[in-house]
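Structure below is target_7.pdb: PDB, C-alpha atoms.
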ATOM      1  CA  MET K 627    -123.364  -5.766 -60.608  1.00  0.00           C
ATOM      2  CA  GLY K 628    -126.541  -6.839 -58.871  1.00  0.00           C
ATOM      3  CA  ARG K 629    -127.650 -10.285 -57.890  1.00  0.00           C
ATOM      4  CA  ALA K 630    -129.683 -12.193 -60.505  1.00  0.00           C
ATOM      5  CA  LYS K 631    -133.378 -12.461 -59.875  1.00  0.00           C
ATOM      6  CA  ALA K 632    -134.656 -15.780 -58.606  1.00  0.00           C
ATOM      7  CA  VAL K 633    -136.160 -18.128 -61.169  1.00  0.00           C
ATOM      8  CA  SER K 634    -139.916 -18.307 -61.092  1.00  0.00           C
ATOM      9  CA  SER K 635    -141.656 -21.384 -59.779  1.00  0.00           C
ATOM     10  CA  GLU K 636    -143.478 -21.754 -63.123  1.00  0.00           C
ATOM     11  CA  PHE K 637    -140.141 -21.988 -64.912  1.00  0.00           C
ATOM     12  CA  LEU K 638    -138.812 -24.547 -62.413  1.00  0.00           C
ATOM     13  CA  ASN K 639    -141.935 -26.691 -62.819  1.00  0.00           C
ATOM     14  CA  ALA K 640    -141.685 -26.511 -66.612  1.00  0.00           C
ATOM     15  CA  ALA K 641    -137.994 -27.436 -66.421  1.00  0.00           C
ATOM     16  CA  ARG K 642    -138.741 -30.440 -64.198  1.00  0.00           C
ATOM     17  CA  VAL K 643    -141.503 -31.628 -66.541  1.00  0.00           C
ATOM     18  CA  GLU K 644    -139.194 -31.286 -69.568  1.00  0.00           C
ATOM     19  CA  ARG K 645    -136.364 -33.098 -67.739  1.00  0.00           C
ATOM     20  CA  ASP K 646    -138.705 -35.944 -66.798  1.00  0.00           C
ATOM     21  CA  LEU K 647    -139.937 -36.248 -70.390  1.00  0.00           C
ATOM     22  CA  LEU K 648    -136.355 -36.355 -71.678  1.00  0.00           C
ATOM     23  CA  ALA K 649    -135.392 -38.931 -69.029  1.00  0.00           C
ATOM     24  CA  THR K 650    -138.305 -41.128 -70.134  1.00  0.00           C
ATOM     25  CA  ARG K 651    -137.271 -40.816 -73.788  1.00  0.00           C
ATOM     26  CA  LEU K 652    -133.671 -41.634 -72.839  1.00  0.00           C
ATOM     27  CA  ALA K 653    -134.756 -44.794 -70.999  1.00  0.00           C
ATOM     28  CA  GLU K 654    -136.843 -45.847 -74.014  1.00  0.00           C
ATOM     29  CA  ALA K 655    -133.902 -45.258 -76.367  1.00  0.00           C
ATOM     30  CA  GLN K 656    -131.604 -47.310 -74.121  1.00  0.00           C
ATOM     31  CA  GLU K 657    -134.157 -50.149 -74.093  1.00  0.00           C
ATOM     32  CA  ARG K 658    -134.297 -50.069 -77.912  1.00  0.00           C
ATOM     33  CA  ILE K 659    -130.493 -50.180 -78.075  1.00  0.00           C
ATOM     34  CA  GLU K 660    -130.391 -53.185 -75.764  1.00  0.00           C
ATOM     35  CA  HIS K 661    -133.106 -54.934 -77.786  1.00  0.00           C
ATOM     36  CA  CYS K 662    -131.278 -54.304 -81.086  1.00  0.00           C
ATOM     37  CA  GLU K 663    -127.969 -55.502 -79.622  1.00  0.00           C
ATOM     38  CA  THR K 664    -129.686 -58.701 -78.467  1.00  0.00           C
ATOM     39  CA  LEU K 665    -131.180 -59.226 -81.928  1.00  0.00           C
ATOM     40  CA  ALA K 666    -127.787 -58.609 -83.548  1.00  0.00           C
ATOM     41  CA  ALA K 667    -126.079 -61.119 -81.233  1.00  0.00           C
ATOM     42  CA  GLU K 668    -128.759 -63.707 -81.994  1.00  0.00           C
ATOM     43  CA  ALA K 669    -128.387 -63.085 -85.738  1.00  0.00           C
ATOM     44  CA  ARG K 670    -124.576 -63.443 -85.501  1.00  0.00           C
ATOM     45  CA  GLU K 671    -124.989 -66.729 -83.641  1.00  0.00           C
ATOM     46  CA  GLU K 672    -127.523 -68.003 -86.189  1.00  0.00           C
ATOM     47  CA  ALA K 673    -125.242 -66.998 -89.078  1.00  0.00           C
ATOM     48  CA  LYS K 674    -122.319 -68.818 -87.469  1.00  0.00           C
ATOM     49  CA  SER K 675    -124.446 -71.924 -86.970  1.00  0.00           C
ATOM     50  CA  LEU K 676    -125.670 -71.819 -90.564  1.00  0.00           C
ATOM     51  CA  ALA K 677    -122.113 -71.341 -91.883  1.00  0.00           C
ATOM     52  CA  ASP K 678    -120.946 -74.286 -89.771  1.00  0.00           C
ATOM     53  CA  SER K 679    -123.789 -76.423 -91.137  1.00  0.00           C
ATOM     54  CA  ILE K 680    -122.966 -75.452 -94.707  1.00  0.00           C
ATOM     55  CA  ARG K 681    -119.295 -76.269 -94.130  1.00  0.00           C
ATOM     56  CA  ALA K 682    -120.199 -79.653 -92.641  1.00  0.00           C
ATOM     57  CA  ILE K 683    -122.495 -80.504 -95.570  1.00  0.00           C
ATOM     58  CA  GLU K 684    -119.832 -79.439 -98.072  1.00  0.00           C
ATOM     59  CA  GLU K 685    -117.262 -81.652 -96.365  1.00  0.00           C
ATOM     60  CA  VAL K 686    -119.555 -84.691 -96.175  1.00  0.00           C
ATOM     61  CA  ALA K 687    -120.796 -84.262 -99.762  1.00  0.00           C
ATOM     62  CA  GLY K 688    -117.341 -83.494-101.132  1.00  0.00           C
ATOM     63  CA  LEU K 689    -118.434 -80.030-102.244  1.00  0.00           C
ATOM     64  CA  ALA K 690    -115.818 -78.113-100.261  1.00  0.00           C
ATOM     65  CA  PRO K 691    -112.833 -76.889-102.244  1.00  0.00           C
ATOM     66  CA  GLN K 692    -109.959 -79.268-101.636  1.00  0.00           C
ATOM     67  CA  LEU K 693    -106.298 -78.393-101.686  1.00  0.00           C
ATOM     68  CA  ALA K 694    -103.986 -80.542-103.756  1.00  0.00           C
ATOM     69  CA  MET K 695    -101.645 -82.851-101.833  1.00  0.00           C
ATOM     70  CA  CYS K 696     -98.611 -81.094-103.309  1.00  0.00           C
ATOM     71  CA  GLU K 697     -99.895 -77.816-101.870  1.00  0.00           C
ATOM     72  CA  ILE K 698    -100.345 -79.281 -98.398  1.00  0.00           C
ATOM     73  CA  SER K 699     -96.734 -80.335 -98.013  1.00  0.00           C
ATOM     74  CA  GLU K 700     -95.092 -77.200 -99.395  1.00  0.00           C
ATOM     75  CA  ASP K 701     -93.340 -74.542 -97.376  1.00  0.00           C
ATOM     76  CA  LEU K 702     -95.283 -71.355 -97.881  1.00  0.00           C
ATOM     77  CA  ARG K 703     -93.857 -67.925 -98.573  1.00  0.00           C
ATOM     78  CA  GLY K 704     -94.850 -64.699-100.272  1.00  0.00           C
ATOM     79  CA  GLU K 705     -97.912 -64.653-102.509  1.00  0.00           C
ATOM     80  CA  ARG K 706     -98.631 -68.369-102.034  1.00  0.00           C
ATOM     81  CA  LEU K 707     -98.600 -67.896 -98.254  1.00  0.00           C
ATOM     82  CA  ARG K 708    -101.074 -65.025 -98.604  1.00  0.00           C
ATOM     83  CA  GLU K 709    -103.368 -67.116-100.838  1.00  0.00           C
ATOM     84  CA  VAL K 710    -103.414 -70.108 -98.490  1.00  0.00           C
ATOM     85  CA  ALA K 711    -103.720 -67.908 -95.397  1.00  0.00           C
ATOM     86  CA  LEU K 712    -106.774 -66.218 -96.931  1.00  0.00           C
ATOM     87  CA  GLU K 713    -108.373 -69.602 -97.684  1.00  0.00           C
ATOM     88  CA  VAL K 714    -107.728 -70.737 -94.107  1.00  0.00           C
ATOM     89  CA  LEU K 715    -109.217 -67.518 -92.689  1.00  0.00           C
ATOM     90  CA  GLN K 716    -112.298 -67.878 -94.892  1.00  0.00           C
ATOM     91  CA  ARG K 717    -112.886 -71.375 -93.500  1.00  0.00           C
ATOM     92  CA  LEU K 718    -111.964 -70.380 -89.942  1.00  0.00           C
ATOM     93  CA  SER K 719    -114.179 -67.316 -89.808  1.00  0.00           C
ATOM     94  CA  ALA K 720    -117.002 -67.837 -92.283  1.00  0.00           C
ATOM     95  CA  SER K 721    -119.219 -65.573 -90.178  1.00  0.00           C
ATOM     96  CA  GLY K 722    -116.724 -62.703 -90.368  1.00  0.00           C
ATOM     97  CA  ASP K 723    -115.795 -62.727 -86.691  1.00  0.00           C
ATOM     98  CA  PRO K 724    -112.276 -61.496 -85.911  1.00  0.00           C
ATOM     99  CA  VAL K 725    -109.573 -64.144 -85.389  1.00  0.00           C
ATOM    100  CA  HIS K 726    -106.314 -63.716 -83.483  1.00  0.00           C
ATOM    101  CA  TYR K 727    -103.307 -64.190 -85.733  1.00  0.00           C
ATOM    102  CA  ARG K 728    -101.859 -66.954 -83.518  1.00  0.00           C
ATOM    103  CA  ILE K 729    -105.091 -68.987 -83.834  1.00  0.00           C
ATOM    104  CA  TRP K 730    -105.074 -68.309 -87.568  1.00  0.00           C
ATOM    105  CA  PHE K 731    -101.432 -69.436 -87.824  1.00  0.00           C
ATOM    106  CA  GLU K 732    -102.183 -72.582 -85.804  1.00  0.00           C
ATOM    107  CA  ALA K 733    -105.108 -73.398 -88.137  1.00  0.00           C
ATOM    108  CA  LEU K 734    -102.765 -73.053 -91.113  1.00  0.00           C
ATOM    109  CA  VAL K 735    -100.259 -75.427 -89.487  1.00  0.00           C
ATOM    110  CA  GLN K 736    -103.054 -77.865 -88.522  1.00  0.00           C
ATOM    111  CA  ALA K 737    -104.099 -77.901 -92.174  1.00  0.00           C
ATOM    112  CA  GLY K 738    -100.672 -79.360 -92.980  1.00  0.00           C
ATOM    113  CA  PHE K 739     -98.816 -76.272 -94.110  1.00  0.00           C
ATOM    114  CA  SER K 740     -95.525 -74.828 -92.926  1.00  0.00           C
ATOM    115  CA  VAL K 741     -94.221 -71.319 -93.322  1.00  0.00           C
ATOM    116  CA  SER K 742     -90.737 -70.675 -94.665  1.00  0.00           C
ATOM    117  CA  GLY K 743     -88.451 -68.317 -92.820  1.00  0.00           C
ATOM    118  CA  ARG K 744     -86.249 -68.087 -89.776  1.00  0.00           C
ATOM    119  CA  ASP K 745     -89.277 -67.127 -87.638  1.00  0.00           C
ATOM    120  CA  PRO K 746     -92.372 -68.668 -89.300  1.00  0.00           C
ATOM    121  CA  LEU K 747     -94.858 -66.818 -87.073  1.00  0.00           C
ATOM    122  CA  ALA K 748     -93.223 -63.452 -87.827  1.00  0.00           C
ATOM    123  CA  THR K 749     -93.177 -64.288 -91.545  1.00  0.00           C
ATOM    124  CA  PHE K 750     -96.857 -65.233 -91.364  1.00  0.00           C
ATOM    125  CA  LEU K 751     -97.750 -62.009 -89.549  1.00  0.00           C
ATOM    126  CA  THR K 752     -95.840 -59.901 -92.062  1.00  0.00           C
ATOM    127  CA  GLN K 753     -97.570 -61.572 -95.007  1.00  0.00           C
ATOM    128  CA  ILE K 754    -101.129 -61.434 -93.653  1.00  0.00           C
ATOM    129  CA  THR K 755    -100.876 -57.659 -93.264  1.00  0.00           C
ATOM    130  CA  ARG K 756    -100.417 -57.550 -97.061  1.00  0.00           C
ATOM    131  CA  ILE K 757    -103.633 -59.412 -97.938  1.00  0.00           C
ATOM    132  CA  ASP K 758    -106.068 -56.987 -99.569  1.00  0.00           C
ATOM    133  CA  ASN K 759    -109.195 -58.855 -98.378  1.00  0.00           C
ATOM    134  CA  VAL K 760    -108.087 -58.837 -94.726  1.00  0.00           C
ATOM    135  CA  GLU K 761    -108.114 -56.007 -92.205  1.00  0.00           C
ATOM    136  CA  SER K 762    -106.714 -55.530 -88.742  1.00  0.00           C
ATOM    137  CA  VAL K 763    -109.246 -55.002 -85.955  1.00  0.00           C
ATOM    138  CA  GLY K 764    -108.211 -52.302 -83.521  1.00  0.00           C
ATOM    139  CA  ARG K 765    -104.707 -51.175 -82.734  1.00  0.00           C
ATOM    140  CA  ARG K 766    -102.240 -53.864 -81.736  1.00  0.00           C
ATOM    141  CA  SER K 767    -105.007 -56.320 -80.833  1.00  0.00           C
ATOM    142  CA  GLY K 768    -103.638 -59.118 -83.007  1.00  0.00           C
ATOM    143  CA  LEU K 769    -107.140 -59.613 -84.397  1.00  0.00           C
ATOM    144  CA  TYR K 770    -107.877 -59.847 -88.111  1.00  0.00           C
ATOM    145  CA  ARG K 771    -111.042 -60.356 -90.148  1.00  0.00           C
ATOM    146  CA  LEU K 772    -112.173 -60.557 -93.720  1.00  0.00           C
ATOM    147  CA  ARG K 773    -112.701 -57.104 -95.158  1.00  0.00           C
ATOM    148  CA  VAL K 774    -116.341 -56.328 -95.913  1.00  0.00           C
ATOM    149  CA  ALA K 775    -116.855 -55.486 -99.590  1.00  0.00           C
ATOM    150  CA  ALA K 776    -117.880 -51.873-100.026  1.00  0.00           C
TER     151      ALA K 776
END

Output the file's structure in the form of structure tokens.
Amino acid sequence: MGRAKAVSSEFLNAARVERDLLATRLAEAQERIEHCETLAAEAREEAKSLADSIRAIEEVAGLAPQLAMCEISEDLRGERLREVALEVLQRLSASGDPVHYRIWFEALVQAGFSVSGRDPLATFLTQITRIDNVESVGRRSGLYRLRVAA
């Protein structure tokens, strides 16, 4: 088998020109990605601010859904725990950002609820995995968010 012929200088020049054009297009695409990610982050922040403002207005004006006093003092379990946990998550993460289950549990407790069971946190974690409108984010991250309607 003989040695391959050397590549012509015309081919090398054409290859360099094509590589440079592709590198320029790549840099432009990366700039567009960065710009879009910045816009998305700004939009997320604005949405969070707007949701916070709406929540504040609802609270001041008495428009926010209120839980009955009998519900606040009850020990939660099963379906009722899932219902209240979903309400707490909706208030906690109106913008749809993921929330760690320990923060979510603490918000539920701060709202005046208690969870029945020998290990309330474990009971809470078991029940939240059964809420249809909630999804886990990543594997074993402990993060949950409201499921986006399809």

Find the nearest atom pair between each residue of segment 683-753 of chain K and segment 766-771 of chain K for residues within 8 Å, count only C-alpha atoms, give distances in Å to one decimal, sort rows by chain and ascending number, and present the table as a tab-separated table.
residue	atom	partner	partner_atom	distance
K:Leu715	CA	K:Arg771	CA	7.8
K:Ser719	CA	K:Arg771	CA	7.6
K:Gly722	CA	K:Arg771	CA	6.2
K:Asp723	CA	K:Arg771	CA	6.3
K:Pro724	CA	K:Arg771	CA	4.6
K:Val725	CA	K:Leu769	CA	5.2
K:His726	CA	K:Leu769	CA	4.3
K:Tyr727	CA	K:Gly768	CA	5.8

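Nearest-residue note for Arg728 of chain K: choosing from K:Leu751, K:Leu712, K:Val741, K:Leu648, the minimum distance belongs to K:Leu751, counting only C-alpha atoms.
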
- Message: One decimal, in Å: what's the spacing between atom CA of Trp730 of chain K and atom CA of Val710 of chain K?
- Response: 11.2 Å

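Interatomic distance, atom CA of Cys662 of chain K to atom CA of Arg773 of chain K: 23.5 Å.
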
- Nearby residues (all atoms listed in the file) at most 12 Å from Arg717 of chain K, same-chain spacing under 3 positions excluded, as number ranges by chain: K: 674, 677-678, 680-682, 684-685, 690-692, 710-714, 720-723, 725, 730, 733-734, 737, 771-772

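In this model, the gap between atom CA of Val735 of chain K and atom CA of Ala687 of chain K comes to 24.6 Å.
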